[in-house]
Every structure is written in C-alpha cells, then in structure tokens.
>>> print(open('upload_1.txt').read())   # compact mmCIF, C-alpha atoms
# COMPACT_ATOMS: atom_id res chain seq x y z
CA MET A 24 13.01 -1.18 2.32
CA LYS A 25 15.92 0.44 0.48
CA ARG A 26 15.26 3.93 -0.76
CA LEU A 27 18.08 3.88 -3.32
CA LEU A 28 16.95 4.13 -6.93
CA LEU A 29 18.93 1.38 -8.64
CA PRO A 30 19.38 1.14 -12.42
CA PHE A 31 16.53 -0.68 -14.15
CA LEU A 32 18.51 -3.79 -15.13
CA LEU A 33 19.83 -4.28 -11.61
CA LEU A 34 16.36 -3.83 -10.14
CA SER A 35 14.90 -6.47 -12.43
CA GLU A 36 17.64 -8.93 -11.44
CA VAL A 37 17.42 -8.63 -7.66
CA LEU A 38 13.93 -7.41 -6.74
CA LEU A 39 10.42 -8.61 -7.44
CA SER A 40 8.93 -5.27 -6.41
CA GLN A 41 9.72 -1.99 -4.74
CA VAL A 42 7.63 0.78 -3.17
CA TYR A 43 8.34 4.46 -3.74
CA PHE A 44 6.92 7.60 -2.13
CA SER A 45 7.24 11.21 -3.25
CA THR A 46 8.22 12.18 0.31
CA VAL A 47 11.46 10.20 0.05
CA ASP A 48 11.95 9.35 -3.63
CA ASP A 49 12.15 11.14 -6.97
CA LEU A 50 9.09 9.68 -8.71
CA SER A 51 9.81 11.61 -11.90
CA PHE A 52 13.29 10.10 -12.22
CA LEU A 53 11.91 6.67 -11.39
CA VAL A 54 9.34 6.78 -14.19
CA VAL A 55 11.44 8.51 -16.85
CA SER A 56 14.48 6.26 -16.30
CA HIS A 57 12.36 3.12 -16.58
CA LEU A 58 10.73 4.41 -19.75
CA ALA A 59 14.12 5.22 -21.29
CA SER A 60 15.20 1.62 -20.77
CA ALA A 61 12.11 0.03 -22.29
CA SER A 62 11.46 -1.06 -25.87
CA GLU A 63 7.68 -1.51 -25.61
CA VAL A 64 5.46 0.65 -23.40
CA THR A 65 1.77 0.54 -22.49
CA ILE A 66 0.56 3.45 -20.37
CA VAL A 67 -2.91 4.01 -18.92
CA ALA A 68 -3.79 6.96 -16.69
CA TYR A 69 -6.32 9.70 -16.08
CA SER A 70 -3.68 12.20 -17.27
CA ILE A 71 -0.51 11.62 -19.32
CA ASP A 72 2.09 14.08 -20.59
CA PRO A 73 4.06 12.25 -23.33
CA ASN A 74 6.50 15.13 -23.89
CA TYR A 75 7.38 15.38 -20.21
CA LEU A 76 7.93 11.62 -20.03
CA GLY A 77 9.94 11.48 -23.27
CA LEU A 78 7.59 8.83 -24.65
CA LYS A 79 8.22 7.44 -28.12
CA ARG A 80 5.20 5.79 -29.74
CA PRO A 81 3.76 4.05 -26.67
CA ARG A 82 0.34 2.47 -26.44
CA MET A 83 -1.64 5.04 -24.43
CA ALA A 84 -5.16 5.22 -23.00
CA THR A 85 -6.31 8.23 -21.02
CA GLU A 86 -9.30 10.24 -19.78
CA VAL A 87 -7.80 13.67 -20.50
CA PRO A 88 -7.29 13.89 -24.28
CA VAL A 89 -3.73 13.83 -25.55
CA GLU A 90 -2.40 13.38 -29.08
CA GLY A 91 -1.75 9.76 -30.02
CA ALA A 92 -3.74 8.24 -27.14
CA PHE A 93 -7.00 6.34 -26.98
CA VAL A 94 -9.43 8.61 -25.11
CA HIS A 95 -11.91 6.97 -22.75
CA ILE A 96 -15.48 8.29 -23.18
CA SER A 97 -17.61 5.63 -21.45
CA ASP A 98 -19.49 5.93 -18.15
CA GLY A 99 -17.28 6.75 -15.22
CA LEU A 100 -13.71 8.00 -15.46
CA LEU A 101 -10.65 6.18 -16.66
CA HIS A 102 -8.86 6.74 -13.38
CA SER A 103 -6.42 3.82 -13.14
CA LYS A 104 -2.71 4.69 -13.36
CA PHE A 105 -0.13 2.20 -14.62
CA ILE A 106 2.71 1.61 -17.06
CA VAL A 107 3.73 -1.78 -18.48
CA LEU A 108 7.31 -2.08 -19.76
CA ASP A 109 8.41 -4.83 -22.14
CA HIS A 110 5.59 -7.14 -20.97
CA GLU A 111 7.31 -7.84 -17.64
CA THR A 112 7.53 -4.71 -15.47
CA VAL A 113 4.64 -2.64 -14.09
CA ILE A 114 4.69 0.81 -12.49
CA PHE A 115 1.43 1.27 -10.58
CA GLY A 116 0.05 3.52 -7.88
CA SER A 117 -1.67 6.81 -7.10
CA ALA A 118 0.28 9.15 -9.41
CA ASN A 119 -0.77 10.37 -12.81
CA PHE A 120 2.03 10.53 -15.34
CA ASN A 121 2.61 14.26 -15.63
CA ARG A 122 4.94 16.78 -14.03
CA SER A 123 2.72 18.05 -11.22
CA SER A 124 1.66 14.58 -10.07
CA LEU A 125 5.18 13.16 -10.09
CA GLU A 126 7.06 16.23 -8.81
CA GLU A 127 4.67 18.19 -6.59
CA HIS A 128 1.94 16.00 -5.12
CA LEU A 129 2.05 13.39 -2.36
CA ASN A 130 1.89 10.07 -4.22
CA ASN A 131 3.14 6.51 -4.26
CA LEU A 132 4.26 4.08 -6.95
CA ILE A 133 4.99 0.37 -6.78
CA VAL A 134 7.25 -1.29 -9.35
CA PHE A 135 6.46 -4.96 -9.96
CA HIS A 136 8.74 -7.27 -11.94
CA SER A 137 6.37 -10.04 -12.98
CA LYS A 138 5.15 -11.20 -16.39
CA GLU A 139 1.96 -12.45 -14.72
CA ILE A 140 1.17 -9.03 -13.26
CA ALA A 141 2.20 -7.28 -16.49
CA ASN A 142 -0.20 -9.50 -18.45
CA PHE A 143 -3.06 -8.58 -16.08
CA PHE A 144 -2.51 -4.87 -16.69
CA GLU A 145 -2.01 -5.22 -20.45
CA LYS A 146 -5.38 -6.97 -20.65
CA ILE A 147 -6.96 -3.87 -19.11
CA TYR A 148 -5.57 -1.78 -21.95
CA ASP A 149 -6.84 -4.32 -24.51
CA TRP A 150 -10.28 -4.18 -22.89
CA LEU A 151 -10.40 -0.38 -22.97
CA VAL A 152 -9.16 -0.01 -26.54
CA PHE A 153 -10.27 -3.19 -28.32
CA GLY A 154 -13.17 -4.39 -26.17
CA ARG A 155 -11.50 -7.69 -25.31
CA LYS A 156 -12.56 -9.45 -22.14
CA PRO A 157 -10.29 -8.42 -19.24
CA GLN A 158 -9.09 -10.43 -16.29
CA ILE A 159 -10.95 -8.86 -13.37
CA GLN A 160 -8.96 -10.35 -10.49
CA LEU A 161 -5.45 -11.69 -10.04
CA ARG A 162 -4.01 -13.39 -6.97
CA THR A 163 -0.21 -13.46 -6.72
CA LYS A 164 2.41 -13.88 -4.00
CA GLU A 165 2.62 -10.08 -3.94
CA GLY A 166 -1.09 -9.72 -3.18
CA GLU A 167 -4.42 -9.49 -5.02
CA PHE A 168 -5.36 -7.13 -7.84
CA PHE A 169 -8.97 -6.14 -8.55
CA LEU A 170 -10.41 -4.37 -11.59
CA ILE A 171 -13.13 -1.86 -10.75
CA PRO A 172 -16.01 -1.53 -11.71
CA ALA A 173 -16.10 -5.23 -12.63
CA ILE A 174 -15.48 -5.88 -8.92
CA ASP A 175 -17.08 -3.90 -6.09
CA GLY A 176 -14.20 -1.94 -4.55
CA GLU A 177 -16.31 -0.77 -1.63
CA LYS A 178 -17.04 -4.37 -0.59
CA ILE A 179 -13.32 -5.18 -0.54
CA VAL A 180 -12.69 -2.19 1.72
CA LEU A 181 -15.62 -2.86 4.04
CA ASP A 182 -14.83 -6.57 4.38
CA THR A 183 -11.29 -5.62 5.38
CA LEU A 184 -12.41 -2.93 7.82
CA TRP A 185 -14.73 -5.28 9.69
CA LYS A 186 -11.68 -7.33 10.70
CA ALA A 187 -10.05 -4.38 12.48
CA LYS A 188 -9.31 -4.95 16.17
CA ARG A 189 -6.79 -2.25 17.11
CA TYR A 190 -6.46 0.57 14.61
CA VAL A 191 -7.22 1.81 11.10
CA LEU A 192 -5.07 4.20 9.08
CA LEU A 193 -6.89 5.76 6.12
CA CYS A 194 -5.05 8.13 3.78
CA SER A 195 -7.17 9.30 0.86
CA TYR A 196 -7.66 12.20 -1.47
CA ALA A 197 -11.37 13.10 -1.69
CA PHE A 198 -12.66 10.83 1.09
CA THR A 199 -16.47 11.02 0.75
CA ASP A 200 -17.78 7.43 0.90
CA GLU A 201 -20.53 7.33 3.51
CA ASP A 202 -20.57 3.55 4.00
CA VAL A 203 -16.86 3.56 4.82
CA PHE A 204 -17.41 6.48 7.19
CA ALA A 205 -20.29 4.68 8.95
CA THR A 206 -18.18 1.55 9.35
CA LEU A 207 -15.34 3.56 10.83
CA LYS A 208 -17.76 5.16 13.30
CA PHE A 209 -18.97 1.75 14.42
CA LEU A 210 -15.43 0.43 14.76
CA SER A 211 -14.54 3.48 16.82
CA SER A 212 -17.43 2.72 19.18
CA ARG A 213 -15.88 -0.73 19.66
CA GLY A 214 -12.55 0.78 20.72
CA VAL A 215 -10.71 0.68 17.38
CA LYS A 216 -8.49 3.75 16.92
CA ILE A 217 -9.27 5.60 13.68
CA TYR A 218 -6.68 7.85 12.05
CA ILE A 219 -7.55 9.67 8.80
CA ILE A 220 -5.38 11.79 6.54
CA THR A 221 -7.33 13.55 3.82
CA ASP A 222 -7.38 16.81 1.87
CA GLU A 223 -9.53 19.91 1.42
CA TRP A 224 -12.21 17.92 -0.40
CA PHE A 225 -13.26 16.78 3.05
CA GLU A 226 -14.32 20.33 3.93
CA SER A 227 -17.02 20.29 1.24
CA SER A 228 -18.09 16.71 1.94
CA ARG A 229 -21.28 15.89 3.82
CA LEU A 230 -19.09 13.73 6.06
CA ARG A 231 -17.56 16.88 7.53
CA GLU A 232 -20.94 17.70 9.07
CA LEU A 233 -21.06 14.41 10.98
CA PRO A 234 -19.61 13.84 14.48
CA LEU A 235 -15.83 13.34 14.35
CA GLU A 236 -15.00 13.42 18.05
CA THR A 237 -13.82 9.80 18.15
CA PHE A 238 -11.65 10.12 15.04
CA HIS A 239 -8.13 11.52 14.68
CA VAL A 240 -8.23 13.56 11.45
CA LEU A 241 -5.50 15.48 9.60
CA GLU A 242 -6.40 17.61 6.58
CA VAL A 243 -3.38 18.29 4.36
CA LYS A 244 -3.85 21.51 2.41
CA GLU A 245 -0.44 21.75 0.77
CA PRO A 246 0.99 20.02 -1.20
CA LEU A 247 -1.85 18.09 -2.82
CA MET A 248 -2.34 14.89 -0.82
CA HIS A 249 -3.13 12.35 -3.58
CA HIS A 250 -2.59 9.00 -1.82
CA LYS A 251 -5.31 6.33 -1.68
CA PHE A 252 -4.52 3.68 0.91
CA LEU A 253 -5.87 1.90 3.96
CA ILE A 254 -4.04 -0.09 6.65
CA VAL A 255 -5.77 -2.32 9.19
CA ASP A 256 -3.97 -3.35 12.39
CA GLY A 257 -0.58 -3.18 10.67
CA LYS A 258 -1.49 -6.41 8.86
CA VAL A 259 -3.40 -5.56 5.68
CA LEU A 260 -2.88 -2.84 3.08
CA ILE A 261 -5.30 -1.72 0.37
CA THR A 262 -4.01 0.79 -2.18
CA GLY A 263 -4.18 1.68 -5.85
CA SER A 264 -5.85 4.31 -7.99
CA ALA A 265 -9.31 4.42 -6.40
CA ASN A 266 -10.27 7.29 -4.14
CA PHE A 267 -12.50 6.42 -1.20
CA THR A 268 -15.60 7.72 -2.98
CA GLU A 269 -18.76 6.24 -4.46
CA SER A 270 -17.49 6.74 -8.01
CA GLY A 271 -14.03 5.44 -7.14
CA PHE A 272 -15.47 2.20 -5.78
CA HIS A 273 -18.28 1.61 -8.29
CA ARG A 274 -18.10 3.60 -11.55
CA ASN A 275 -14.56 4.55 -12.52
CA VAL A 276 -12.02 2.25 -14.17
CA GLU A 277 -9.67 1.59 -11.27
CA VAL A 278 -7.24 -1.05 -10.04
CA MET A 279 -7.12 -1.91 -6.35
CA PHE A 280 -4.27 -3.84 -4.73
CA LYS A 281 -4.72 -5.72 -1.44
CA THR A 282 -1.81 -7.36 0.36
CA SER A 283 -0.70 -8.75 3.70
CA ASN A 284 2.98 -8.61 2.73
CA ARG A 285 4.76 -7.11 5.71
CA GLU A 286 7.17 -4.99 3.67
CA TYR A 287 4.36 -3.28 1.80
CA VAL A 288 2.32 -2.71 4.95
CA GLU A 289 5.27 -1.33 6.91
CA SER A 290 6.36 0.95 4.06
CA PHE A 291 2.91 2.51 3.74
CA GLU A 292 2.57 2.83 7.51
CA GLU A 293 5.89 4.71 7.58
CA GLU A 294 4.53 7.03 4.89
CA PHE A 295 1.35 7.62 6.90
CA ASN A 296 3.43 8.53 9.95
CA ARG A 297 5.66 10.89 7.93
CA ILE A 298 2.66 12.84 6.71
CA TRP A 299 0.91 12.72 10.08
CA ARG A 300 3.93 14.28 11.79
CA GLY A 301 4.45 16.78 8.97
CA TYR A 302 7.96 15.51 8.29
CA PHE A 303 7.75 15.77 4.54
CA VAL A 304 9.13 17.92 1.78
CA GLN A 305 8.96 16.67 -1.79
CA GLY A 306 11.82 14.22 -2.27
CA VAL A 307 13.35 14.93 1.16
CA ARG A 308 13.12 12.91 4.36
CA PHE A 309 14.05 14.56 7.66
>>> encode(input="upload_1.txt", output="structure tokens")
Amino acid sequence: MKRLLLPFLLLSEVLLSQVYFSTVDDLSFLVVSHLASASEVTIVAYSIDPNYLGLKRPRMATEVPVEGAFVHISDGLLHSKFIVLDHETVIFGSANFNRSSLEEHLNNLIVFHSKEIANFFEKIYDWLVFGRKPQIQLRTKEGEFFLIPAIDGEKIVLDTLWKAKRYVLLCSYAFTDEDVFATLKFLSSRGVKIYIITDEWFESSRLRELPLETFHVLEVKEPLMHHKFLIVDGKVLITGSANFTESGFHRNVEVMFKTSNREYVESFEEEFNRIWRGYFVQGVRF
C-alpha cells in the first residue's frame, strides 16, 4: 500500500480505503487534515481533545468528560474510536483522538470512503446519545463490522483462531483474556506457531504465570503499544478498538472489524514484523 498522505479530495476520488500506522505515518496530520476538510463531523472515542484536533461544533460522545460532548455513563466503557466525516468517510482504529495517542503511541487507523460504512458508525452515535436502535453487524466488500457488546467479540476471535493451521500473530495492548490464551496453547500443541506482541499489562496478568515455552512473546515497554489486532495464517485479520480482554470482548462499547482482504492483512502483518524486529520510531520507517 502507498504510504503517501494524499489530500482528502484526491483520496476520496481514487481510494475506497487506506491503512495507516504510527510507525510509518503521521496519524495526527491524517486526522487533523481530514477534519479541516469536513463540514459535518461525528466523533466517538474513549478520549477526545477538541482543542488539539481543531474541532468546531462536532457531534461528540466520549467516556472521559470533555466540554460539549455526550459523556457515556452506562455499564462498561465507551471504548470505540471513530470519526465520521460528511456522512461518507470514516476514520477508525486503535487510536484515541488526542495528542499522546496520535503522536506518541503505537496505533493504527483505517480510512474508509463509504456511505454504507459511515451510516453504520453514525447509528452507533445515535444509539449512545438518543437511544435509537443500532445496526449491530455490517457486511461489506471491505470486510465485516461488529458492534460489541451486542455481539460477542470473544466468539468472533475464537472461531477465527480455531481455523489456524500455520501461525497466529496477536498484537494487543492489555492481553488478559484466558479463553483466547487457552485456545492459543491448544493450537501450539498442534504445531501452530504463536507470536504475541503485548505490553507491560501482561506482567501483572494471571496469564504471565502460565507456561509460555511454546509461544514467542515480545513485551513492548516503550512507546505505549496500543494496537489490537490478530492475523491467522496470513489470510484473516481482526482489528478495531477492542483489547483482548474480558471487558473488551463482552462489556465495553467497541467495534471489531474482520476481513480477508489481502491488502489489509499484508499491511498489518508488515506492522507486526516492524514492531517484532524493533524497527520503529514514531513516524519513521528504517
């Protein structure tokens, strides 16, 4: 995939979607430039900094209180992260919309140019703020979108893992889900290679006390490793806002994206390999 950040109008004319990573792209510029070109903005995230983003009267929903935004106070966290621009473009991924998340942490964002996908995400905002019934699943040529907790995110992950024949790449902040861990252990006993990139949360997890001899594990301590994605056999990618935790799969408001599109899978596998080899500096590729 091209790494060049094209102007918004050109992007919307020639591309249906594009994947961006903080290791090779300027996520801050990506988000701010898209926002500057938009007339109507809907933004939903765990954390939003309107001043940093230069937002002017957007529709906002967030978990961390901020002036002018709807604040989520129901069970579980509002943990999804997306922006809808002019009812036809969506910015979606692992990053919150503040300076540290966009400039300092290891994150990804996908830009979709699709009114169908934009409508799916706008309905999530309408559900959060107005209580309207959301669409809980959307199948497109890009892949499938799932709204958690209306859909069991853990089941999607486990069903995908059970199809693994050769290898699994798991890259997740706060990996603590024991059912996923148990499935990976079983797959490993069947000869499937398991590679995990996680962060310091893993040190305090009960999983750290379990046998890891058959896994290949990398703990990234700096910068903050905030990705949430899974690749199976280089064929299927699952990503989005949900951490691989019990709350991420069952209680929080999250959006999960599953795809077999080769460009997506290959892009995320390249990112996994960059981090695994340590060839990353924010915004710079060696």
>>> residues_around(input="upload_1.txt", residues="segment 271-280 of chain A", least_positions_apart="4", cutoff="7 Å", atoms="only C-alpha atoms", output="list in words")
Gly99, Leu100, Leu101, His102, Ser103, Gly166, Glu167, Phe168, Phe169, Leu170, Ile171, Pro172, Asp175, Gly176, Glu177, Ile261, Thr262, Gly263, Ser264, Ala265, Asn266 and Phe267 of chain A
>>> write_last_selection(input="upload_1.txt", atoms="C-alpha atoms", output="PDB file, in the frame of the given file")
ATOM      1  CA  GLY A  99     -17.280   6.750 -15.220  1.00  0.00           C
ATOM      2  CA  LEU A 100     -13.710   8.000 -15.460  1.00  0.00           C
ATOM      3  CA  LEU A 101     -10.650   6.180 -16.660  1.00  0.00           C
ATOM      4  CA  HIS A 102      -8.860   6.740 -13.380  1.00  0.00           C
ATOM      5  CA  SER A 103      -6.420   3.820 -13.140  1.00  0.00           C
ATOM      6  CA  GLY A 166      -1.090  -9.720  -3.180  1.00  0.00           C
ATOM      7  CA  GLU A 167      -4.420  -9.490  -5.020  1.00  0.00           C
ATOM      8  CA  PHE A 168      -5.360  -7.130  -7.840  1.00  0.00           C
ATOM      9  CA  PHE A 169      -8.970  -6.140  -8.550  1.00  0.00           C
ATOM     10  CA  LEU A 170     -10.410  -4.370 -11.590  1.00  0.00           C
ATOM     11  CA  ILE A 171     -13.130  -1.860 -10.750  1.00  0.00           C
ATOM     12  CA  PRO A 172     -16.010  -1.530 -11.710  1.00  0.00           C
ATOM     13  CA  ASP A 175     -17.080  -3.900  -6.090  1.00  0.00           C
ATOM     14  CA  GLY A 176     -14.200  -1.940  -4.550  1.00  0.00           C
ATOM     15  CA  GLU A 177     -16.310  -0.770  -1.630  1.00  0.00           C
ATOM     16  CA  ILE A 261      -5.300  -1.720   0.370  1.00  0.00           C
ATOM     17  CA  THR A 262      -4.010   0.790  -2.180  1.00  0.00           C
ATOM     18  CA  GLY A 263      -4.180   1.680  -5.850  1.00  0.00           C
ATOM     19  CA  SER A 264      -5.850   4.310  -7.990  1.00  0.00           C
ATOM     20  CA  ALA A 265      -9.310   4.420  -6.400  1.00  0.00           C
ATOM     21  CA  ASN A 266     -10.270   7.290  -4.140  1.00  0.00           C
ATOM     22  CA  PHE A 267     -12.500   6.420  -1.200  1.00  0.00           C
TER      23      PHE A 267
END
>>> closest_residue(input="upload_1.txt", among="A:Gly301, A:Gly257, A:Pro81, A:Gly154", to="Leu108 of chain A", atoms="all atoms listed in the file")
A:Pro81
>>> closest_residue(input="upload_1.txt", among="A:Leu181, A:Ile133, A:Leu78, A:Ala61", to="Glu286 of chain A", atoms="all atoms listed in the file")
A:Ile133
>>> closest_residue(input="upload_1.txt", among="A:Val152, A:Leu76, A:Ile298, A:Leu58", to="Ser97 of chain A", atoms="all atoms listed in the file")
A:Val152
>>> closest_residue(input="upload_1.txt", among="A:Val180, A:Ile217, A:Ala187, A:Glu126", to="Phe252 of chain A", atoms="all atoms listed in the file")
A:Val180
>>> residues_around(input="upload_1.txt", residues="His250 of chain A", least_positions_apart="5", cutoff="9 Å", atoms="all atoms listed in the file", output="list in words")
Gly116, Ser117, Ala118, His128, Leu129, Asn130, Asn131, Cys194, Ser195, Tyr196, Thr221, Thr262, Gly263, Ser264 and Asn266 of chain A
>>> write_last_selection(input="upload_1.txt", atoms="C-alpha atoms", output="CSV table (one decimal), in the frame of the given file")
chain,number,residue,atom,x,y,z
A,116,GLY,CA,0.0,3.5,-7.9
A,117,SER,CA,-1.7,6.8,-7.1
A,118,ALA,CA,0.3,9.2,-9.4
A,128,HIS,CA,1.9,16.0,-5.1
A,129,LEU,CA,2.0,13.4,-2.4
A,130,ASN,CA,1.9,10.1,-4.2
A,131,ASN,CA,3.1,6.5,-4.3
A,194,CYS,CA,-5.0,8.1,3.8
A,195,SER,CA,-7.2,9.3,0.9
A,196,TYR,CA,-7.7,12.2,-1.5
A,221,THR,CA,-7.3,13.6,3.8
A,262,THR,CA,-4.0,0.8,-2.2
A,263,GLY,CA,-4.2,1.7,-5.8
A,264,SER,CA,-5.8,4.3,-8.0
A,266,ASN,CA,-10.3,7.3,-4.1
>>> closest_residue(input="upload_1.txt", among="A:Val134, A:Ile140, A:Ile174, A:Ile96", to="Tyr43 of chain A", atoms="all atoms listed in the file")
A:Val134
>>> closest_residue(input="upload_1.txt", among="A:Ser40, A:Phe204, A:Leu125, A:Arg82", to="Val55 of chain A", atoms="all atoms listed in the file")
A:Leu125
>>> atom_distance(input="upload_1.txt", atom1="atom CA of Val240 of chain A", atom2="atom CA of Ser70 of chain A")
29.1 Å
>>> atom_distance(input="upload_1.txt", atom1="atom CA of Pro246 of chain A", atom2="atom CA of Ser124 of chain A")
10.4 Å
>>> atom_distance(input="upload_1.txt", atom1="atom CA of Lys258 of chain A", atom2="atom CA of Tyr287 of chain A")
9.7 Å
>>> axis_aligned_box(input="upload_1.txt", around="segment 115-133 of chain A", padding_each_side="3 Å", output="lines of an AutoDock Vina configuration file")
center_x = 2.7
center_y = 9.3
center_z = -9.0
size_x = 14.7
size_y = 23.8
size_z = 19.3
>>> residues_around(input="upload_1.txt", residues="Val64 of chain A", least_positions_apart="3", cutoff="12 Å", atoms="all atoms listed in the file", output="MDAnalysis selection string")
chainID A and resid 54:55 57:61 67 73 76:84 105:114 141 144:145 148
>>> decode(input="upload_1.txt", residues="segment 157-185 of chain A", atoms="N, CA and C atoms", output="mmCIF file, in the first residue's frame")
data_model
loop_
_atom_site.group_PDB
_atom_site.id
_atom_site.type_symbol
_atom_site.label_atom_id
_atom_site.label_comp_id
_atom_site.auth_asym_id
_atom_site.auth_seq_id
_atom_site.Cartn_x
_atom_site.Cartn_y
_atom_site.Cartn_z
ATOM 1 N N PRO A 157 -29.341 0.474 17.187
ATOM 2 C CA PRO A 157 -28.192 0.489 16.276
ATOM 3 C C PRO A 157 -28.216 -0.699 15.321
ATOM 4 N N GLN A 158 -27.411 -0.619 14.301
ATOM 5 C CA GLN A 158 -27.125 -1.782 13.459
ATOM 6 C C GLN A 158 -25.946 -2.489 14.107
ATOM 7 N N ILE A 159 -26.092 -3.766 14.441
ATOM 8 C CA ILE A 159 -25.047 -4.425 15.227
ATOM 9 C C ILE A 159 -24.021 -5.155 14.370
ATOM 10 N N GLN A 160 -24.301 -5.308 13.092
ATOM 11 C CA GLN A 160 -23.356 -6.008 12.213
ATOM 12 C C GLN A 160 -23.524 -5.487 10.804
ATOM 13 N N LEU A 161 -22.413 -5.334 10.101
ATOM 14 C CA LEU A 161 -22.451 -4.874 8.718
ATOM 15 C C LEU A 161 -21.438 -5.655 7.905
ATOM 16 N N ARG A 162 -21.899 -6.253 6.821
ATOM 17 C CA ARG A 162 -21.007 -6.974 5.914
ATOM 18 C C ARG A 162 -20.837 -6.149 4.648
ATOM 19 N N THR A 163 -19.591 -5.846 4.292
ATOM 20 C CA THR A 163 -19.277 -5.070 3.102
ATOM 21 C C THR A 163 -18.167 -5.769 2.326
ATOM 22 N N LYS A 164 -17.835 -5.232 1.161
ATOM 23 C CA LYS A 164 -16.723 -5.793 0.387
ATOM 24 C C LYS A 164 -15.383 -5.548 1.068
ATOM 25 N N GLU A 165 -15.355 -4.592 2.015
ATOM 26 C CA GLU A 165 -14.134 -4.343 2.770
ATOM 27 C C GLU A 165 -13.929 -5.406 3.853
ATOM 28 N N GLY A 166 -15.027 -5.900 4.406
ATOM 29 C CA GLY A 166 -14.997 -6.850 5.498
ATOM 30 C C GLY A 166 -16.246 -6.694 6.341
ATOM 31 N N GLU A 167 -16.261 -7.298 7.522
ATOM 32 C CA GLU A 167 -17.418 -7.246 8.406
ATOM 33 C C GLU A 167 -17.129 -6.399 9.636
ATOM 34 N N PHE A 168 -18.136 -5.632 10.048
ATOM 35 C CA PHE A 168 -18.059 -4.813 11.244
ATOM 36 C C PHE A 168 -19.028 -5.373 12.283
ATOM 37 N N PHE A 169 -18.589 -5.400 13.552
ATOM 38 C CA PHE A 169 -19.404 -5.943 14.630
ATOM 39 C C PHE A 169 -19.436 -4.951 15.787
ATOM 40 N N LEU A 170 -20.626 -4.710 16.324
ATOM 41 C CA LEU A 170 -20.781 -3.830 17.478
ATOM 42 C C LEU A 170 -20.812 -4.667 18.754
ATOM 43 N N ILE A 171 -19.847 -4.428 19.610
ATOM 44 C CA ILE A 171 -19.776 -5.067 20.923
ATOM 45 C C ILE A 171 -20.318 -4.065 21.956
ATOM 46 N N PRO A 172 -21.134 -4.473 22.934
ATOM 47 C CA PRO A 172 -21.388 -5.835 23.402
ATOM 48 C C PRO A 172 -22.599 -6.517 22.788
ATOM 49 N N ALA A 173 -23.248 -5.891 21.796
ATOM 50 C CA ALA A 173 -24.409 -6.535 21.175
ATOM 51 C C ALA A 173 -24.014 -7.870 20.541
ATOM 52 N N ILE A 174 -22.780 -7.957 20.079
ATOM 53 C CA ILE A 174 -22.231 -9.193 19.522
ATOM 54 C C ILE A 174 -21.043 -9.618 20.376
ATOM 55 N N ASP A 175 -20.895 -10.920 20.574
ATOM 56 C CA ASP A 175 -19.835 -11.487 21.402
ATOM 57 C C ASP A 175 -18.501 -11.435 20.650
ATOM 58 N N GLY A 176 -17.648 -10.473 21.024
ATOM 59 C CA GLY A 176 -16.371 -10.320 20.338
ATOM 60 C C GLY A 176 -15.447 -11.503 20.559
ATOM 61 N N GLU A 177 -15.506 -12.106 21.726
ATOM 62 C CA GLU A 177 -14.654 -13.253 22.015
ATOM 63 C C GLU A 177 -14.968 -14.420 21.080
ATOM 64 N N LYS A 178 -16.249 -14.647 20.813
ATOM 65 C CA LYS A 178 -16.642 -15.742 19.915
ATOM 66 C C LYS A 178 -16.089 -15.529 18.506
ATOM 67 N N ILE A 179 -16.117 -14.290 18.035
ATOM 68 C CA ILE A 179 -15.568 -13.995 16.705
ATOM 69 C C ILE A 179 -14.083 -14.350 16.663
ATOM 70 N N VAL A 180 -13.364 -13.966 17.716
ATOM 71 C CA VAL A 180 -11.930 -14.245 17.783
ATOM 72 C C VAL A 180 -11.669 -15.747 17.878
ATOM 73 N N LEU A 181 -12.370 -16.426 18.760
ATOM 74 C CA LEU A 181 -12.141 -17.863 18.949
ATOM 75 C C LEU A 181 -12.501 -18.656 17.697
ATOM 76 N N ASP A 182 -13.608 -18.320 17.064
ATOM 77 C CA ASP A 182 -13.996 -19.019 15.826
ATOM 78 C C ASP A 182 -12.934 -18.861 14.744
ATOM 79 N N THR A 183 -12.313 -17.693 14.707
ATOM 80 C CA THR A 183 -11.251 -17.439 13.731
ATOM 81 C C THR A 183 -9.985 -18.208 14.099
ATOM 82 N N LEU A 184 -9.637 -18.206 15.380
ATOM 83 C CA LEU A 184 -8.433 -18.914 15.820
ATOM 84 C C LEU A 184 -8.499 -20.405 15.544
ATOM 85 N N TRP A 185 -9.660 -21.003 15.709
ATOM 86 C CA TRP A 185 -9.767 -22.455 15.519
ATOM 87 C C TRP A 185 -9.475 -22.885 14.088
#
